[in-house]
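Coordinates as given in target-v7.txt (compact mmCIF, C-alpha atoms and all ligand atoms):
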# COMPACT_ATOMS: atom_id res chain seq x y z
CA MET A 1 -139.76 -5.97 68.72
CA ASN A 2 -138.19 -2.53 69.01
CA TYR A 3 -135.39 -2.46 71.58
CA LYS A 4 -133.83 0.65 73.08
CA ILE A 5 -130.09 0.09 73.50
CA ALA A 6 -127.55 2.43 75.09
CA LEU A 7 -124.13 2.22 73.42
CA ILE A 8 -121.10 3.12 75.51
CA ARG A 9 -118.29 2.87 72.99
CA GLY A 10 -115.59 4.05 75.42
CA ASP A 11 -111.85 4.19 74.82
CA GLY A 12 -109.07 2.32 73.01
CA ILE A 13 -110.53 -0.62 71.07
CA GLY A 14 -113.97 0.00 72.62
CA PRO A 15 -115.43 1.88 69.61
CA GLU A 16 -114.03 -0.71 67.14
CA VAL A 17 -115.53 -3.73 68.89
CA VAL A 18 -118.86 -1.99 69.56
CA GLU A 19 -119.09 -1.12 65.85
CA GLN A 20 -118.95 -4.82 64.97
CA ALA A 21 -121.42 -5.73 67.73
CA VAL A 22 -123.86 -3.17 66.30
CA ARG A 23 -123.48 -4.79 62.86
CA VAL A 24 -124.43 -8.08 64.50
CA LEU A 25 -127.42 -6.48 66.25
CA ASP A 26 -128.58 -5.04 62.93
CA THR A 27 -128.13 -8.38 61.17
CA VAL A 28 -130.11 -10.19 63.88
CA GLY A 29 -132.72 -7.45 63.56
CA LYS A 30 -133.08 -8.08 59.81
CA ASN A 31 -133.27 -11.84 60.24
CA PHE A 32 -135.61 -11.96 63.22
CA GLY A 33 -137.72 -8.83 62.62
CA HIS A 34 -136.39 -6.53 65.35
CA THR A 35 -135.60 -2.83 65.19
CA TYR A 36 -133.50 -0.75 67.57
CA ALA A 37 -133.29 2.77 68.91
CA TYR A 38 -129.64 3.34 69.81
CA THR A 39 -128.58 6.04 72.28
CA ASP A 40 -124.88 6.92 72.38
CA VAL A 41 -123.72 7.47 75.96
CA LEU A 42 -120.39 9.12 76.73
CA LEU A 43 -118.42 7.44 79.54
CA GLY A 44 -114.77 6.85 80.39
CA GLY A 45 -111.63 8.67 79.28
CA CYS A 46 -113.39 10.06 76.20
CA ALA A 47 -115.96 11.67 78.52
CA THR A 48 -113.17 13.20 80.63
CA ASP A 49 -111.70 14.70 77.45
CA ALA A 50 -115.09 16.01 76.30
CA VAL A 51 -116.65 17.29 79.52
CA GLY A 52 -114.01 16.95 82.27
CA LYS A 53 -115.70 14.01 84.04
CA SER A 54 -115.51 10.28 83.25
CA TYR A 55 -119.11 9.87 84.42
CA PRO A 56 -121.03 12.87 83.07
CA ASP A 57 -124.21 14.04 84.81
CA GLY A 58 -127.30 12.25 83.55
CA THR A 59 -125.45 9.09 82.43
CA ALA A 60 -127.48 6.75 84.63
CA ASP A 61 -130.80 8.31 83.53
CA LYS A 62 -129.90 7.92 79.85
CA CYS A 63 -129.11 4.25 80.46
CA LYS A 64 -132.22 3.67 82.58
CA ALA A 65 -134.36 4.90 79.67
CA CYS A 66 -133.06 1.95 77.61
CA ASP A 67 -133.78 -1.81 77.68
CA ALA A 68 -130.08 -2.75 77.79
CA VAL A 69 -126.62 -1.19 77.76
CA LEU A 70 -123.70 -2.35 75.59
CA LEU A 71 -120.24 -1.22 76.69
CA GLY A 72 -116.97 -1.61 74.75
CA ALA A 73 -114.18 -0.81 77.21
CA VAL A 74 -112.87 2.23 79.01
CA GLY A 75 -109.51 3.45 80.26
CA GLY A 76 -105.97 3.97 79.07
CA PRO A 77 -102.65 5.45 80.15
CA LYS A 78 -103.82 8.98 79.33
CA TRP A 79 -106.25 8.90 82.27
CA GLY A 80 -104.02 7.24 84.91
CA SER A 81 -103.97 7.25 88.71
CA ASP A 82 -102.39 10.73 88.77
CA ARG A 83 -105.77 12.16 87.70
CA PRO A 84 -108.45 13.15 90.25
CA ALA A 85 -111.03 10.41 90.88
CA GLU A 86 -113.77 12.05 88.80
CA GLU A 87 -111.53 12.02 85.71
CA ARG A 88 -110.55 8.35 86.00
CA PRO A 89 -112.46 5.83 83.86
CA GLU A 90 -112.58 3.20 86.66
CA THR A 91 -114.63 5.63 88.77
CA ALA A 92 -117.23 5.73 86.01
CA LEU A 93 -117.44 1.93 85.80
CA LEU A 94 -118.05 1.55 89.54
CA ALA A 95 -120.57 4.40 89.48
CA ILE A 96 -122.66 3.05 86.62
CA ARG A 97 -122.83 -0.46 88.13
CA LYS A 98 -123.94 1.05 91.44
CA ASP A 99 -126.46 3.50 89.92
CA LEU A 100 -128.06 0.78 87.81
CA GLY A 101 -128.21 -1.57 90.84
CA LEU A 102 -126.22 -4.25 88.97
CA TYR A 103 -125.48 -6.69 91.78
CA ALA A 104 -124.92 -9.86 89.74
CA ASN A 105 -122.03 -10.33 87.33
CA LEU A 106 -122.40 -13.27 84.97
CA ARG A 107 -119.33 -14.54 83.21
CA PRO A 108 -119.63 -17.65 81.12
CA ALA A 109 -116.41 -19.58 80.62
CA VAL A 110 -116.95 -21.74 77.58
CA LEU A 111 -114.28 -23.58 75.65
CA ARG A 112 -115.56 -23.14 72.10
CA PRO A 113 -115.37 -26.46 70.20
CA ALA A 114 -113.02 -25.14 67.49
CA LEU A 115 -110.55 -23.84 70.08
CA THR A 116 -109.82 -26.91 72.18
CA ASP A 117 -106.16 -26.61 71.14
CA ALA A 118 -105.94 -23.10 72.66
CA CYS A 119 -106.85 -24.43 76.13
CA PRO A 120 -103.74 -24.40 78.34
CA LEU A 121 -104.95 -27.48 80.25
CA LYS A 122 -104.12 -31.12 79.40
CA PRO A 123 -105.84 -32.32 76.19
CA GLU A 124 -107.97 -34.90 78.06
CA ILE A 125 -109.36 -32.12 80.31
CA ALA A 126 -110.02 -29.78 77.37
CA GLU A 127 -111.67 -32.54 75.32
CA ALA A 128 -114.11 -33.20 78.18
CA GLY A 129 -115.38 -29.65 77.58
CA ILE A 130 -115.73 -26.52 79.71
CA ASP A 131 -119.06 -24.72 79.98
CA LEU A 132 -119.55 -22.94 83.29
CA MET A 133 -121.21 -19.75 84.44
CA MET A 134 -119.48 -17.75 87.14
CA VAL A 135 -121.98 -15.63 89.11
CA ARG A 136 -120.17 -12.97 91.12
CA GLU A 137 -121.78 -10.68 93.68
CA LEU A 138 -120.85 -7.22 92.43
CA THR A 139 -121.88 -4.51 94.88
CA GLY A 140 -120.96 -5.77 98.36
CA GLY A 141 -118.11 -7.31 100.32
CA VAL A 142 -114.64 -6.00 100.89
CA TYR A 143 -114.52 -3.82 97.76
CA PHE A 144 -117.31 -1.68 99.17
CA GLY A 145 -116.59 -1.95 102.94
CA LYS A 146 -115.24 0.79 105.15
CA ARG A 147 -111.54 1.48 104.71
CA ALA A 148 -109.21 2.89 107.32
CA ARG A 149 -105.56 3.95 107.50
CA TYR A 150 -104.07 5.08 110.79
CA ASP A 151 -100.79 5.30 112.70
CA THR A 152 -100.08 2.90 115.54
CA ALA A 153 -97.72 3.50 118.45
CA ASP A 154 -95.35 0.62 117.72
CA SER A 155 -96.09 -0.92 114.29
CA GLY A 156 -96.14 2.10 111.97
CA VAL A 157 -99.10 2.60 109.65
CA GLU A 158 -101.97 0.09 109.83
CA CYS A 159 -104.86 -0.30 107.37
CA SER A 160 -108.09 -2.23 107.30
CA ASP A 161 -110.77 -3.05 104.69
CA LEU A 162 -114.07 -4.25 106.08
CA MET A 163 -115.87 -7.18 104.47
CA ALA A 164 -119.58 -7.06 105.21
CA TYR A 165 -122.58 -8.93 103.73
CA SER A 166 -126.24 -8.85 104.69
CA GLU A 167 -128.69 -11.74 104.38
CA ARG A 168 -130.62 -9.71 101.78
CA GLU A 169 -127.55 -9.24 99.58
CA ILE A 170 -126.67 -12.93 99.77
CA GLU A 171 -130.19 -14.11 99.13
CA ARG A 172 -130.72 -12.05 95.96
CA ILE A 173 -127.48 -13.26 94.32
CA GLY A 174 -128.21 -16.80 95.49
CA ARG A 175 -131.64 -16.71 93.86
CA ARG A 176 -130.06 -15.50 90.60
CA ALA A 177 -127.67 -18.46 90.65
CA PHE A 178 -130.40 -21.04 91.23
CA ALA A 179 -132.64 -19.48 88.56
CA LEU A 180 -129.75 -19.59 86.06
CA ALA A 181 -128.96 -23.19 86.95
CA ARG A 182 -132.55 -24.11 86.10
CA LEU A 183 -131.91 -22.82 82.56
CA ARG A 184 -128.69 -24.83 82.32
CA ARG A 185 -127.55 -28.19 83.75
CA LYS A 186 -129.19 -27.64 87.17
CA LYS A 187 -126.15 -27.57 89.44
CA VAL A 188 -124.96 -24.80 91.77
CA THR A 189 -121.56 -24.71 93.43
CA SER A 190 -121.40 -22.06 96.17
CA VAL A 191 -117.87 -20.90 96.91
CA ASP A 192 -116.87 -19.43 100.28
CA LYS A 193 -114.29 -19.55 103.05
CA ALA A 194 -116.65 -20.68 105.81
CA ASN A 195 -113.85 -22.33 107.78
CA VAL A 196 -112.43 -18.85 108.50
CA LEU A 197 -114.79 -15.97 107.67
CA GLU A 198 -118.03 -15.04 109.44
CA THR A 199 -119.43 -13.50 106.22
CA SER A 200 -118.90 -16.90 104.56
CA ARG A 201 -120.73 -18.69 107.37
CA LEU A 202 -123.75 -16.43 106.82
CA TRP A 203 -123.36 -16.94 103.05
CA ARG A 204 -123.54 -20.72 103.58
CA GLU A 205 -126.59 -20.50 105.88
CA VAL A 206 -128.54 -18.47 103.32
CA LEU A 207 -127.48 -20.65 100.38
CA HIS A 208 -128.49 -23.80 102.26
CA ARG A 209 -131.96 -22.34 102.85
CA LEU A 210 -132.26 -21.57 99.14
CA ALA A 211 -131.01 -25.05 98.17
CA GLN A 212 -134.02 -26.55 99.96
CA GLU A 213 -136.35 -24.22 98.10
CA TYR A 214 -134.77 -25.04 94.71
CA SER A 215 -134.69 -28.77 95.42
CA ASP A 216 -134.63 -29.65 91.69
CA VAL A 217 -131.14 -28.09 91.46
CA ALA A 218 -128.10 -30.05 92.72
CA TYR A 219 -126.12 -28.05 95.26
CA GLU A 220 -122.65 -28.18 96.79
CA ASP A 221 -120.42 -25.97 98.95
CA MET A 222 -116.79 -25.51 98.02
CA LEU A 223 -114.00 -23.62 99.79
CA VAL A 224 -112.45 -20.95 97.61
CA ASP A 225 -108.93 -22.43 97.72
CA ASN A 226 -110.28 -25.79 96.60
CA CYS A 227 -112.30 -24.12 93.82
CA ALA A 228 -109.16 -22.40 92.49
CA MET A 229 -107.59 -25.85 92.27
CA GLN A 230 -110.63 -27.64 90.81
CA LEU A 231 -110.93 -25.04 88.03
CA VAL A 232 -107.66 -26.26 86.54
CA ARG A 233 -107.98 -29.91 87.62
CA ASN A 234 -111.52 -30.64 86.46
CA PRO A 235 -113.43 -27.57 85.19
CA GLY A 236 -116.00 -29.81 83.49
CA GLN A 237 -117.56 -30.54 86.92
CA PHE A 238 -118.94 -26.97 87.20
CA ASP A 239 -122.23 -25.61 85.92
CA VAL A 240 -123.14 -22.45 87.89
CA VAL A 241 -120.57 -21.19 90.40
CA VAL A 242 -121.80 -18.47 92.77
CA THR A 243 -119.54 -16.46 95.03
CA GLU A 244 -118.93 -13.13 96.73
CA ASN A 245 -117.28 -10.13 95.11
CA MET A 246 -113.54 -10.58 95.71
CA PHE A 247 -113.48 -14.38 95.32
CA GLY A 248 -115.49 -13.93 92.11
CA ASP A 249 -113.10 -11.31 90.79
CA ILE A 250 -110.17 -13.69 91.12
CA LEU A 251 -111.87 -16.95 90.14
CA SER A 252 -113.55 -15.48 87.05
CA ASP A 253 -110.17 -14.37 85.70
CA GLU A 254 -108.80 -17.84 86.34
CA ALA A 255 -111.81 -19.39 84.59
CA SER A 256 -111.34 -17.09 81.60
CA MET A 257 -107.72 -18.11 81.14
CA ILE A 258 -108.56 -21.79 80.76
CA THR A 259 -110.76 -21.08 77.76
CA GLY A 260 -108.17 -19.42 75.51
CA SER A 261 -108.08 -15.79 74.42
CA ILE A 262 -109.29 -12.85 76.50
CA GLY A 263 -110.82 -11.50 73.28
CA LEU A 264 -113.51 -14.20 73.31
CA LEU A 265 -115.20 -13.75 76.67
CA PRO A 266 -118.42 -11.82 77.24
CA SER A 267 -120.10 -10.76 80.48
CA ALA A 268 -123.38 -9.43 81.77
CA SER A 269 -124.11 -7.40 84.88
CA ILE A 270 -127.71 -7.47 85.94
CA GLY A 271 -129.96 -6.15 88.67
CA ASN A 272 -133.64 -6.54 89.45
CA SER A 273 -135.25 -3.94 87.24
CA ALA A 274 -132.81 -1.54 85.56
CA PRO A 275 -131.28 -2.44 82.17
CA GLY A 276 -128.54 -5.05 82.18
CA LEU A 277 -125.03 -3.99 81.18
CA TYR A 278 -123.28 -6.20 78.63
CA GLU A 279 -119.54 -5.95 77.99
CA PRO A 280 -116.49 -7.97 77.01
CA ILE A 281 -114.28 -8.91 79.95
CA HIS A 282 -111.22 -7.36 78.32
CA GLY A 283 -110.04 -3.79 78.71
CA SER A 284 -109.43 -1.06 76.16
CA ALA A 285 -106.19 -2.63 74.84
CA PRO A 286 -104.49 0.69 74.02
CA ASP A 287 -101.54 -1.23 72.50
CA ILE A 288 -103.66 -2.30 69.50
CA ALA A 289 -106.29 0.46 69.36
CA GLY A 290 -107.12 1.86 65.92
CA GLN A 291 -105.26 -0.88 64.03
CA ASP A 292 -108.15 -3.18 63.09
CA LYS A 293 -106.51 -5.88 65.23
CA ALA A 294 -109.01 -6.18 68.12
CA ASN A 295 -111.02 -9.35 68.44
CA PRO A 296 -114.70 -8.32 68.41
CA ILE A 297 -116.01 -11.76 69.45
CA ALA A 298 -116.25 -11.03 73.21
CA THR A 299 -118.45 -8.00 72.48
CA ILE A 300 -120.50 -9.91 69.90
CA LEU A 301 -121.07 -12.73 72.42
CA SER A 302 -122.09 -10.04 74.95
CA VAL A 303 -124.87 -9.16 72.50
CA ALA A 304 -125.91 -12.84 72.57
CA MET A 305 -126.12 -12.59 76.38
CA MET A 306 -128.22 -9.44 75.99
CA PHE A 307 -130.75 -11.35 73.89
CA ARG A 308 -130.74 -14.27 76.32
CA TYR A 309 -130.96 -12.44 79.64
CA SER A 310 -132.48 -8.99 78.97
CA PHE A 311 -134.77 -9.79 76.05
CA GLN A 312 -135.52 -13.47 76.86
CA ARG A 313 -134.79 -14.34 73.23
CA ALA A 314 -132.85 -17.62 73.33
CA GLU A 315 -133.23 -18.25 69.59
CA GLU A 316 -131.41 -15.03 68.65
CA ALA A 317 -128.72 -15.74 71.27
CA ASP A 318 -128.22 -19.25 69.89
CA ALA A 319 -128.00 -17.86 66.33
CA ILE A 320 -125.16 -15.49 67.30
CA GLU A 321 -123.26 -18.11 69.29
CA SER A 322 -123.53 -20.71 66.57
CA ALA A 323 -122.45 -18.17 63.90
CA VAL A 324 -119.31 -17.47 65.98
CA ASP A 325 -118.62 -21.20 66.31
CA ARG A 326 -119.01 -21.73 62.56
CA VAL A 327 -116.58 -18.90 61.74
CA LEU A 328 -114.04 -20.28 64.22
CA ALA A 329 -114.54 -23.80 62.86
CA GLU A 330 -113.37 -22.49 59.47
CA SER A 331 -110.09 -21.51 61.21
CA PHE A 332 -110.62 -17.77 60.90
CA HIS A 333 -108.90 -16.03 63.80
CA THR A 334 -107.73 -12.60 64.93
CA ALA A 335 -104.12 -11.95 65.98
CA ASP A 336 -104.75 -12.62 69.69
CA MET A 337 -105.90 -16.19 69.00
CA ALA A 338 -103.80 -19.25 68.21
CA GLY A 339 -104.25 -20.41 64.64
CA SER A 340 -102.49 -21.09 61.39
CA GLY A 341 -102.46 -18.70 58.47
CA THR A 342 -102.83 -14.95 58.42
CA PRO A 343 -105.03 -13.48 61.12
CA ILE A 344 -108.00 -11.44 59.96
CA GLY A 345 -108.94 -7.97 61.21
CA THR A 346 -111.74 -6.70 63.46
CA LYS A 347 -114.01 -5.66 60.59
CA GLN A 348 -113.61 -8.87 58.63
CA MET A 349 -114.37 -10.97 61.72
CA GLY A 350 -117.54 -8.94 62.27
CA ALA A 351 -118.55 -9.33 58.61
CA LEU A 352 -118.01 -13.11 58.61
CA ILE A 353 -120.13 -13.56 61.75
CA CYS A 354 -122.93 -11.45 60.21
CA GLU A 355 -122.73 -13.57 57.05
CA GLN A 356 -123.15 -16.76 59.08
CA ILE A 357 -126.13 -15.34 60.98
CA THR A 358 -127.81 -14.56 57.66
CA LYS A 359 -126.99 -17.99 56.16
CA LYS A 360 -128.59 -19.90 59.01
P1 LIG B 401 -106.58 -5.27 78.38
O1 LIG B 401 -107.63 -6.32 78.54
O2 LIG B 401 -107.01 -4.00 77.76
O3 LIG B 401 -105.36 -5.84 77.52
C1 LIG B 401 -104.56 -6.95 77.95
C2 LIG B 401 -103.91 -7.59 76.71
O4 LIG B 401 -104.89 -8.29 75.97
C3 LIG B 401 -103.29 -6.57 75.75
O5 LIG B 401 -102.14 -7.12 75.18
C4 LIG B 401 -104.36 -6.40 74.68
O6 LIG B 401 -103.85 -6.03 73.42
C5 LIG B 401 -105.00 -7.78 74.65
N1 LIG B 401 -106.43 -7.70 74.32
C6 LIG B 401 -107.43 -7.28 75.15
N2 LIG B 401 -108.60 -7.32 74.50
C7 LIG B 401 -108.33 -7.76 73.26
C8 LIG B 401 -109.14 -8.00 72.11
N3 LIG B 401 -110.47 -7.80 72.12
N4 LIG B 401 -108.53 -8.43 71.01
C9 LIG B 401 -107.23 -8.65 70.96
N5 LIG B 401 -106.40 -8.44 72.01
C10 LIG B 401 -106.95 -8.00 73.14
O7 LIG B 401 -105.99 -5.04 79.84
P2 LIG B 401 -104.92 -3.93 80.33
O8 LIG B 401 -103.85 -3.76 79.29
O9 LIG B 401 -104.57 -4.36 81.69
O10 LIG B 401 -105.76 -2.59 80.46
C11 LIG B 401 -105.80 -1.56 79.46
C12 LIG B 401 -106.78 -0.51 79.92
O11 LIG B 401 -108.11 -1.07 79.97
C13 LIG B 401 -106.50 0.03 81.31
O12 LIG B 401 -106.70 1.42 81.29
C14 LIG B 401 -107.52 -0.66 82.20
O13 LIG B 401 -107.86 0.11 83.32
C15 LIG B 401 -108.69 -0.77 81.25
N6 LIG B 401 -109.65 -1.85 81.58
C16 LIG B 401 -110.95 -1.58 81.34
C17 LIG B 401 -111.91 -2.55 81.57
C18 LIG B 401 -113.35 -2.24 81.26
O14 LIG B 401 -113.61 -1.29 80.54
N7 LIG B 401 -114.29 -3.00 81.77
C19 LIG B 401 -111.52 -3.82 82.02
C20 LIG B 401 -110.16 -4.07 82.22
C21 LIG B 401 -109.23 -3.08 81.98
What does this structure look like when you write it as C-alpha cells?
Ligand code: NAD
Amino acid sequence: MNYKIALIRGDGIGPEVVEQAVRVLDTVGKNFGHTYAYTDVLLGGCATDAVGKSYPDGTADKCKACDAVLLGAVGGPKWGSDRPAEERPETALLAIRKDLGLYANLRPAVLRPALTDACPLKPEIAEAGIDLMMVRELTGGVYFGKRARYDTADSGVECSDLMAYSEREIERIGRRAFALARLRRKKVTSVDKANVLETSRLWREVLHRLAQEYSDVAYEDMLVDNCAMQLVRNPGQFDVVVTENMFGDILSDEASMITGSIGLLPSASIGNSAPGLYEPIHGSAPDIAGQDKANPIATILSVAMMFRYSFQRAEEADAIESAVDRVLAESFHTADMAGSGTPIGTKQMGALICEQITKK
C-alpha cells in the first residue's frame, strides 16, 4: 500500500520524536511492502515564528488530503498566555481537532510487561496487568459550552461554563466505544455523574439503548468519582471506558500515571471520515529539547495505533508493539524511565526498535 501521511513535527522534542517514528514507519514499510508520501505541515509555535499564526491557513486541507496525521508536540514558554490567541499553540490544537471532526480520543493505558516495577500501585495489582482503552468525547461538553462572566449586585463577579450534550454526540462516541470493545475483551464501562447532572442522565439513556444493540458486549455504568477510585484500586477490571470530555481529560491522565512514564503513552483522535490524528500524550518537554533525551516510544506506539485504526493493519501494529516490548525487556530505557544502567538516547531507542521490527 502507499499511504499519505501528514507530519506535524511541532515544537520542543516534537521534531526529535517524530524523526524516530518516521524511521519506524519506513522500517515497517520495508518489511511489509508499504510506501509513504509524507507531507510536512507547519503547526504550533514554530508556525507562529514562521508565519505569525500557530494554525496557518490551509492546514486542515493539507491534513484532509492525507490518510493519517502524525503529530509530535506543540507549545513552549516562548509562546505563552501573553500572546494573542492566534499565536498560541493550544489554539492550533483545538482548531485542528475541530476542523478534522475528531470527536473520539482513544488513549490506551497499558502496563508493558517489562515495566511492572515502574507501576506506582501495589505489586499484586500491577502483576494482575493493566490494559484498558479510555475513550473520551473530544468536541462537546463544558470545554465547548457557552461561557459568561458578569458582575452581580451583591456577590462580585460571577462566571458560568455551560455543559451541553446532544443525543447525536453521545450516540456516535458510544458506538465507537462498543465497536472498539468488540475488537478487545468485549466490555464497556460508561462513566458519568447521573446522580447529579442532566447531561449524564441523557448520556446513560443513550448508552443503555446502545448496550441492547451491542448485546454481545458486557456493559456497566460507573459514577465518575467511583471510577477515579477503581482506577487505582483495581484497574485490571477495565477494558473500554467511555466518558464525556472533562471526565475523560482527568481520568485519562490518572490512567496514564498508573502505567509508568509519560514518555510511553500514545493516543489517537478519530472522526467519521477525515484522517485520524496520532500523537503521544506528552507535551513538547522544552526542558530536554534538543538533547537526545526524549523518549520516542509514545510517538512510535502512536504509529502502531495509526496502523491499527486508520489503516486496519493489525499485523503491522502488533509488530511495532512487540518490538517495543522486546527492547524494554532487554532493560534498555531512556532517562525518564526507571531502570538500571546508563539510559540511552532518543536516536538509539528508535534504532533498537527498528532493529527488532526487522528481526521479527
Ligand atoms: P510535558 O509533557 O511537555 O513535560 C512534562 C515532564 O515530562 C517534563 O519534565 C518533560 O521533560 C517530561 N517528558 C515529557 N515527554 C517526555 C518524553 N517523551 N521523554 C522524556 N521526558 C518527557 O508537559 P509540560 O511541561 O506541562 O508542557 C510543556 C509544553 O508542552 C507546554 O507548552 C504545553 O502547553 C505543551 N503541551 C503540548 C501538548 C500537545 O502538543 N499535545 C500536550 C501537553 C502539553
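Minimum atom-to-atom distances from A:Ala164, A:Glu213, A:Arg107, A:Thr243 to Ile281 in chain A were compared using only C-alpha atoms, and the lowest value belongs to A:Arg107.
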Give as number ranges by chain the residues surrounding ligand LIG 401 (chain B) up to a distance of 6 Å, considering only C-alpha atoms and all ligand atoms. A: 73-77, 262-263, 282-285, 287-288, 294-296, 336
Nearest-residue call for Met257 in chain A, choices A:Gly341, A:Gly290, A:Pro108, A:Gly141, using only C-alpha atoms: A:Pro108
Quick one: of A:Phe332, A:Tyr103, A:Tyr278, A:Phe32, who's nearest to Leu265 in chain A, counting only C-alpha atoms? A:Tyr278
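Candidate residues A:Ala181, A:Thr199, A:Ala114, A:Lys347 were compared for distance to Glu330 in chain A, and the nearest is A:Ala114, using all atoms listed in the file.
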Spatial neighbours of range 54-66 of chain A, 7 Å, all atoms listed in the file, chain gap at least 5 places, as a VMD selection string: chain A and resid 4 to 6 41 43 to 45 47 to 48 86 to 89 92 96 99 to 100 274 to 275
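Nearest-residue note for Arg136 in chain A: choosing from A:Ile320, A:Leu111, A:Val191, A:Cys159, the minimum distance belongs to A:Val191, counting all atoms listed in the file.
A straight line drawn from CA of Lys186 in chain A to CA of Val240 in chain A is 8.0 Å long.
You will find CA of Asn105 in chain A at 10.4 Å from CA of Ala177 in chain A.
Going from CA of Asp239 in chain A to CA of Ala179 in chain A covers 12.4 Å.
These residues, each with an atom at most 8 Å from (-115.5, -3.6, 108.9) using all atoms listed in the file, are Gly145, Lys146, Arg147, Ser160, Asp161, Leu162, Met163 and Ala164 of chain A.
With distances restricted to all atoms listed in the file, A:Asp11 is the closest residue to Ala289 in chain A from A:Tyr214, A:Cys227, A:Asp11, A:Thr189.
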Within 9 Å of range 25-31 of chain A, which residues of range 251-321 of chain A show up? Give each one with its shortest atom-to-atom distance in Å (one decimal) and the two atoms involved, counting all atoms listed in the file, rows by chain then rising residue number, as JSON lines.
{"residue": "A:Ile300", "atom": "CA", "partner": "A:Leu25", "partner_atom": "CA", "distance": 8.5}
{"residue": "A:Val303", "atom": "CA", "partner": "A:Leu25", "partner_atom": "CA", "distance": 7.3}
{"residue": "A:Glu316", "atom": "CA", "partner": "A:Val28", "partner_atom": "CA", "distance": 6.9}
{"residue": "A:Ala319", "atom": "CA", "partner": "A:Val28", "partner_atom": "CA", "distance": 8.3}
{"residue": "A:Ile320", "atom": "CA", "partner": "A:Val28", "partner_atom": "CA", "distance": 8.0}
List the neighbours of Ala194 in chain A out to 12 Å using all atoms listed in the file; skip same-chain residues closer than 3 positions along the sequence, and give me the result as an mmCIF file with C-alpha atoms, in the frame of the given file.
data_model
loop_
_atom_site.group_PDB
_atom_site.id
_atom_site.type_symbol
_atom_site.label_atom_id
_atom_site.label_comp_id
_atom_site.auth_asym_id
_atom_site.auth_seq_id
_atom_site.Cartn_x
_atom_site.Cartn_y
_atom_site.Cartn_z
ATOM 1 C CA SER A 190 -121.400 -22.060 96.170
ATOM 2 C CA VAL A 191 -117.870 -20.900 96.910
ATOM 3 C CA LEU A 197 -114.790 -15.970 107.670
ATOM 4 C CA GLU A 198 -118.030 -15.040 109.440
ATOM 5 C CA THR A 199 -119.430 -13.500 106.220
ATOM 6 C CA SER A 200 -118.900 -16.900 104.560
ATOM 7 C CA ARG A 201 -120.730 -18.690 107.370
ATOM 8 C CA LEU A 202 -123.750 -16.430 106.820
ATOM 9 C CA TRP A 203 -123.360 -16.940 103.050
ATOM 10 C CA ARG A 204 -123.540 -20.720 103.580
ATOM 11 C CA GLU A 205 -126.590 -20.500 105.880
ATOM 12 C CA ASP A 221 -120.420 -25.970 98.950
ATOM 13 C CA MET A 222 -116.790 -25.510 98.020
ATOM 14 C CA LEU A 223 -114.000 -23.620 99.790
ATOM 15 C CA VAL A 224 -112.450 -20.950 97.610
ATOM 16 C CA ASP A 225 -108.930 -22.430 97.720
ATOM 17 C CA THR A 243 -119.540 -16.460 95.030
#
Range 169-277 of chain A near range 123-132 of chain A within 9 Å: what's each residue's closest atom pair and its distance in Å to one decimal, counting all atoms listed in the file, ordered by chain then ascending residue number, as a Markdown table?
| residue | atom | partner | partner_atom | distance |
| --- | --- | --- | --- | --- |
| A:Val232 | CA | A:Ile125 | CA | 8.7 |
| A:Arg233 | CA | A:Ile125 | CA | 7.8 |
| A:Asn234 | CA | A:Ile125 | CA | 6.7 |
| A:Pro235 | CA | A:Ile130 | CA | 6.0 |
| A:Gly236 | CA | A:Ile130 | CA | 5.0 |
| A:Gln237 | CA | A:Ile130 | CA | 8.5 |
| A:Phe238 | CA | A:Leu132 | CA | 5.6 |
| A:Asp239 | CA | A:Leu132 | CA | 4.6 |
| A:Val240 | CA | A:Leu132 | CA | 5.9 |
| A:Val241 | CA | A:Leu132 | CA | 7.4 |
| A:Ala255 | CA | A:Leu132 | CA | 8.6 |
| A:Ile258 | CA | A:Ile130 | CA | 8.7 |
| A:Thr259 | CA | A:Ile130 | CA | 7.6 |
Axis-aligned box for all listed atoms of range 180-189 of chain A, 6 Å per side, centre and edges in Å to one decimal, as JSON:
{"center_x": -127.1, "center_y": -23.9, "center_z": 87.9, "size_x": 23.0, "size_y": 20.6, "size_z": 23.1}
Excluding Gln348 in chain A and residues on its chain fewer than 2 positions from it, collect all residues at most 12 Å away from it, counting only C-alpha atoms, and give them as a PDB file with C-alpha atoms, keeping the file's coordinate frame.
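The resulting part.pdb:
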ATOM      1  CA  GLU A  16    -114.030  -0.710  67.140  1.00  0.00           C
ATOM      2  CA  VAL A  17    -115.530  -3.730  68.890  1.00  0.00           C
ATOM      3  CA  GLU A  19    -119.090  -1.120  65.850  1.00  0.00           C
ATOM      4  CA  GLN A  20    -118.950  -4.820  64.970  1.00  0.00           C
ATOM      5  CA  ARG A  23    -123.480  -4.790  62.860  1.00  0.00           C
ATOM      6  CA  ASP A 292    -108.150  -3.180  63.090  1.00  0.00           C
ATOM      7  CA  LYS A 293    -106.510  -5.880  65.230  1.00  0.00           C
ATOM      8  CA  ALA A 294    -109.010  -6.180  68.120  1.00  0.00           C
ATOM      9  CA  ASN A 295    -111.020  -9.350  68.440  1.00  0.00           C
ATOM     10  CA  PRO A 296    -114.700  -8.320  68.410  1.00  0.00           C
ATOM     11  CA  ILE A 297    -116.010 -11.760  69.450  1.00  0.00           C
ATOM     12  CA  VAL A 327    -116.580 -18.900  61.740  1.00  0.00           C
ATOM     13  CA  PHE A 332    -110.620 -17.770  60.900  1.00  0.00           C
ATOM     14  CA  HIS A 333    -108.900 -16.030  63.800  1.00  0.00           C
ATOM     15  CA  THR A 334    -107.730 -12.600  64.930  1.00  0.00           C
ATOM     16  CA  PRO A 343    -105.030 -13.480  61.120  1.00  0.00           C
ATOM     17  CA  ILE A 344    -108.000 -11.440  59.960  1.00  0.00           C
ATOM     18  CA  GLY A 345    -108.940  -7.970  61.210  1.00  0.00           C
ATOM     19  CA  THR A 346    -111.740  -6.700  63.460  1.00  0.00           C
ATOM     20  CA  GLY A 350    -117.540  -8.940  62.270  1.00  0.00           C
ATOM     21  CA  ALA A 351    -118.550  -9.330  58.610  1.00  0.00           C
ATOM     22  CA  LEU A 352    -118.010 -13.110  58.610  1.00  0.00           C
ATOM     23  CA  ILE A 353    -120.130 -13.560  61.750  1.00  0.00           C
ATOM     24  CA  CYS A 354    -122.930 -11.450  60.210  1.00  0.00           C
ATOM     25  CA  GLU A 355    -122.730 -13.570  57.050  1.00  0.00           C
TER      26      GLU A 355
END
